[in-house]
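S.K.: The following block contains the structure, expressed as structure tokens.
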There are 2 protein chains.
Amino acid sequence: MNRKPTFPALVVVAALGLALAAAGCGGAEPQTQITYPEGYRNWAHVKSMVIHDPAHPLYEAFGGIHHVYVNPRGAETLRRGSGTYPDGSVFVFDLLEANLDGGAYVEGDRKVLAMMVKNAGRYGSTGGWGFEAFAGGDPAQRVVVDAAKDCFNCHAPQQATDYVFSGWRK
Amino acid sequence: MNRKPTFPALVVVAALGLALAAAGCGGAEPQTQITYPEGYRNWAHVKSMVIHDPAHPLYEAFGGIHHVYVNPRGAETLRRGSGTYPDGSVFVFDLLEANLDGGAYVEGDRKVLAMMVKNAGRYGSTGGWGFEAFAGGDPAQRVVVDAAKDCFNCHAPQQATDYVFSGWRK
């Protein structure tokens, strides 16, 4: 368990995705309308999790420590735990390396910053949410090629909570 | 690594502390002037860490996943990374159980909520900070008996950052 997490497959996919996008092969929702979430570090912190074991099914994509944040627009629905998020709600999934340090996992460099943005009209084919991710947290390094395939497929079973995995921890 | 963290020594100390306090043997700063930090879950999230290995020197007291939050009053100094925190600055150290779940550490029940509150005049003997902690996050279950011994001794070497361990992660 002393090895560092490998760089996630997501980012490998990202590099491929950028190449495809540059070639005009994306064919997905207009993700470029999603802007980098400036100021999200001041939003409410929803929850955190450390995926540390390479045997975990999400290790390749999300190995490390991740934090979930919600903007003020989405916070009320999250706290209520039911209902449909209003347009403009945003969640950020902030994935950092989880570095072993003498019997503890501590935060390392940012691996990827992912986000979902509610706009029921614009993103009807993906539950009303647009998805984007930024490799290394760099606003210039967009990751998502096909939001339905890359992101929404995993969220789809969460229809009861408007496709949001996280619950609010009091 | 599949066993749950033991209940921290801090809470054992707490039970003893409450007994001593009830007997009027505290002899410390007036910690009861520190009130439970209502609304801290909406403050800025500073950092997180998982202390998972029983061999870690802080495992007994702080085994689990902890999150640090700062109130708006203290956030500016923390972001600047230097200087003295203004009176009214508050940090919360929110310690939850870290439960193993298929190769990941996920958040469990709250073990303790600790806080430090800046008031240079009131808490001059402990670096200008008052310390308190609440077992299980219960406002009625105060933990700290002697802030100097229980809390400040560990913070004292951090004088260069006004006794704050955490740095701001961008």
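Naming works like this for the structure tokens: A, B, ... for the chains as they're shown, residue 1 at the start of each chain, ligands 1 onward in shown order.
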Show me, as an mmCIF file with C-alpha atoms, in the first residue's frame, every residue of chain A with an atom at most 10 Å from chain B, counting only C-alpha atoms.
M.R.:
data_model
loop_
_atom_site.group_PDB
_atom_site.id
_atom_site.type_symbol
_atom_site.label_atom_id
_atom_site.label_comp_id
_atom_site.auth_asym_id
_atom_site.auth_seq_id
_atom_site.Cartn_x
_atom_site.Cartn_y
_atom_site.Cartn_z
ATOM 1 C CA GLY A 39 -14.686 30.134 -5.960
ATOM 2 C CA TYR A 40 -15.811 26.546 -5.311
ATOM 3 C CA ARG A 41 -13.330 26.262 -2.432
ATOM 4 C CA ASN A 42 -15.654 28.509 -0.495
ATOM 5 C CA TRP A 43 -18.746 26.427 -1.211
ATOM 6 C CA ALA A 44 -20.177 23.996 1.324
ATOM 7 C CA HIS A 45 -18.177 20.794 1.728
ATOM 8 C CA VAL A 46 -20.528 17.852 1.287
ATOM 9 C CA LYS A 47 -18.407 14.769 1.962
ATOM 10 C CA SER A 48 -15.066 13.103 1.322
ATOM 11 C CA MET A 49 -13.800 9.610 0.591
ATOM 12 C CA VAL A 50 -10.446 7.925 0.074
ATOM 13 C CA ILE A 51 -10.262 5.219 -2.588
ATOM 14 C CA HIS A 52 -6.932 3.634 -1.720
ATOM 15 C CA ASP A 53 -7.084 -0.004 -2.818
ATOM 16 C CA PRO A 54 -6.234 -0.813 -6.442
ATOM 17 C CA ALA A 55 -8.878 -3.549 -6.240
ATOM 18 C CA HIS A 56 -11.625 -0.949 -5.804
ATOM 19 C CA PRO A 57 -13.688 -0.788 -9.010
ATOM 20 C CA LEU A 58 -13.258 2.987 -9.200
ATOM 21 C CA TYR A 59 -9.584 3.041 -8.289
ATOM 22 C CA GLY A 63 -8.023 6.582 -6.773
ATOM 23 C CA GLY A 64 -7.066 9.212 -4.212
ATOM 24 C CA ILE A 65 -8.956 11.434 -1.814
ATOM 25 C CA HIS A 66 -11.947 13.254 -3.193
ATOM 26 C CA HIS A 67 -14.045 16.044 -1.762
ATOM 27 C CA TYR A 69 -18.673 20.611 -2.816
ATOM 28 C CA PRO A 72 -25.332 27.805 -2.633
ATOM 29 C CA ALA A 75 -27.303 23.340 -1.230
ATOM 30 C CA ALA A 98 -3.883 10.439 -1.342
ATOM 31 C CA ASN A 99 -0.304 10.179 -0.161
ATOM 32 C CA LEU A 100 0.720 7.826 2.604
ATOM 33 C CA ASP A 101 2.515 9.641 5.402
ATOM 34 C CA GLY A 102 3.433 7.559 8.426
ATOM 35 C CA GLY A 103 0.119 5.784 8.858
ATOM 36 C CA ALA A 104 -2.140 8.465 7.448
ATOM 37 C CA TYR A 105 -3.456 9.500 4.066
ATOM 38 C CA VAL A 106 -2.756 13.146 3.370
ATOM 39 C CA GLU A 107 -3.782 15.317 0.459
ATOM 40 C CA GLY A 108 -1.423 15.529 -2.517
ATOM 41 C CA ASP A 109 -1.608 17.165 -5.915
ATOM 42 C CA ARG A 110 -4.900 17.619 -7.683
ATOM 43 C CA GLY A 137 -7.695 21.308 -12.009
ATOM 44 C CA TRP A 168 -25.720 15.834 3.237
ATOM 45 C CA ARG A 169 -23.754 14.980 6.368
ATOM 46 C CA LYS A 170 -24.873 17.051 9.291
#
S.K.: What's around Phe152 of chain A at 8 Å? Count only C-alpha atoms, leave out sequence neighbours fewer than 4 positions away in its own chain, and write the answer as a ChimeraX atom specification.
M.R.: /A:126-127,131,147-148,156
S.K.: Those residues with N, CA, C and O atoms, as a short mmCIF file (atom, residue, chain, number, x, y, z; two decimals), in the first residue's frame please?
M.R.:
data_model
loop_
_atom_site.label_atom_id
_atom_site.label_comp_id
_atom_site.auth_asym_id
_atom_site.auth_seq_id
_atom_site.Cartn_x
_atom_site.Cartn_y
_atom_site.Cartn_z
N THR A 126 -29.05 13.97 -20.45
CA THR A 126 -28.23 13.44 -19.34
C THR A 126 -28.82 13.88 -18.00
O THR A 126 -28.11 14.38 -17.13
N GLY A 127 -30.13 13.70 -17.90
CA GLY A 127 -30.80 13.93 -16.63
C GLY A 127 -30.91 15.39 -16.23
O GLY A 127 -31.23 15.70 -15.07
N PHE A 131 -21.93 17.75 -17.62
CA PHE A 131 -20.75 17.24 -16.92
C PHE A 131 -19.49 17.76 -17.61
O PHE A 131 -19.40 17.81 -18.84
N ALA A 147 -20.52 13.14 -22.38
CA ALA A 147 -21.03 13.20 -21.00
C ALA A 147 -21.91 12.00 -20.66
O ALA A 147 -21.91 11.51 -19.53
N ALA A 148 -22.68 11.52 -21.65
CA ALA A 148 -23.57 10.38 -21.40
C ALA A 148 -22.75 9.15 -21.03
O ALA A 148 -23.03 8.46 -20.05
N ALA A 156 -27.01 7.56 -13.62
CA ALA A 156 -28.40 7.27 -14.02
C ALA A 156 -29.21 6.53 -12.96
O ALA A 156 -30.39 6.85 -12.75
#
S.K.: With distances taken over only C-alpha atoms, which residue among B:Ala114, B:Val145, B:Val164, B:Leu78 lies nearest Gly128 of chain B?
M.R.: B:Val164
S.K.: Which residues are close to segment 87-91 of chain A, i.e. within 6 Å by only C-alpha atoms, leaving aside same-chain residues fewer than 2 positions away? Reply as a VMD selection string.
M.R.: chain A and resid 69 to 71 73 to 74 115 to 119
S.K.: List as a CSV table (one decimal) with C-alpha atoms, in the first residue's frame the protein and nucleic acid residues near Gly136 of chain A, meaning an atom at most 6 Å away when only C-alpha atoms are counted, but skip any in the same chain fewer than 2 places from it.
M.R.:
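So the final result, stored in result_21.csv, reads:
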chain,number,residue,atom,x,y,z
A,110,ARG,CA,-4.9,17.6,-7.7
A,111,LYS,CA,-5.6,14.8,-10.2
A,112,VAL,CA,-8.8,16.1,-11.7
A,138,ASP,CA,-6.4,23.3,-15.0
S.K.: Distance atom CA of Lys149 of chain A-atom CA of Glu38 of chain A, one decimal place?
M.R.: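 Between atom CA of Lys149 of chain A and atom CA of Glu38 of chain A the gap works out to 26.0 Å.
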S.K.: Which parts of segment 51-166 of chain B does DSSP call alpha helix (DSSP H) when run on the backbone here, written out as a PyMOL selection string?
M.R.: chain B and resi 59-62+72-80+147+153-155
S.K.: Write out as a PyMOL selection string all residues of segment 32-165 of chain A that DSSP puts in strand (DSSP E) for this structure's backbone.
M.R.: chain A and resi 44-51+64-70+90-100+104-118+129-135
S.K.: If you measure from atom CA of Glu76 of chain B to atom CA of Gly167 of chain B, what distance in Å do you get, rounded to one decimal?
M.R.: 11.7 Å
S.K.: Just the residues within 10 Å of Leu113 of chain A, please, counting only C-alpha atoms, with nothing from its chain fewer than 5 positions along; format it as number ranges by chain.
M.R.: A: 36-37, 66-68, 92-96, 132-139, 142-143
S.K.: Produce a table with one row for each residue of segment 50-102 of chain B that has an atom at most 12 Å from any atom of segment 159-162 of chain B, each row naming the nearest atom pair and its distance in Å at one decimal; use only C-alpha atoms; arrange rows by chain and rising residue number; format as a tab-separated table.
M.R.:
residue	atom	partner	partner_atom	distance
B:Gly74	CA	B:Asp162	CA	11.4
B:Thr77	CA	B:Thr161	CA	9.4
B:Leu78	CA	B:Thr161	CA	8.7
B:Arg79	CA	B:Thr161	CA	11.4
B:Arg80	CA	B:Thr161	CA	10.4
B:Gly81	CA	B:Thr161	CA	7.2
B:Ser82	CA	B:Thr161	CA	5.9
B:Gly83	CA	B:Thr161	CA	6.9
B:Thr84	CA	B:Asp162	CA	5.7
B:Tyr85	CA	B:Asp162	CA	7.0
B:Pro86	CA	B:Asp162	CA	10.4
B:Ser89	CA	B:Asp162	CA	11.5
S.K.: Could you work out how far atom CA of Ile34 of chain B lies from atom CA of His155 of chain B, giving the answer in Å with one decimal?
M.R.: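 Those two atoms sit 18.3 Å apart.
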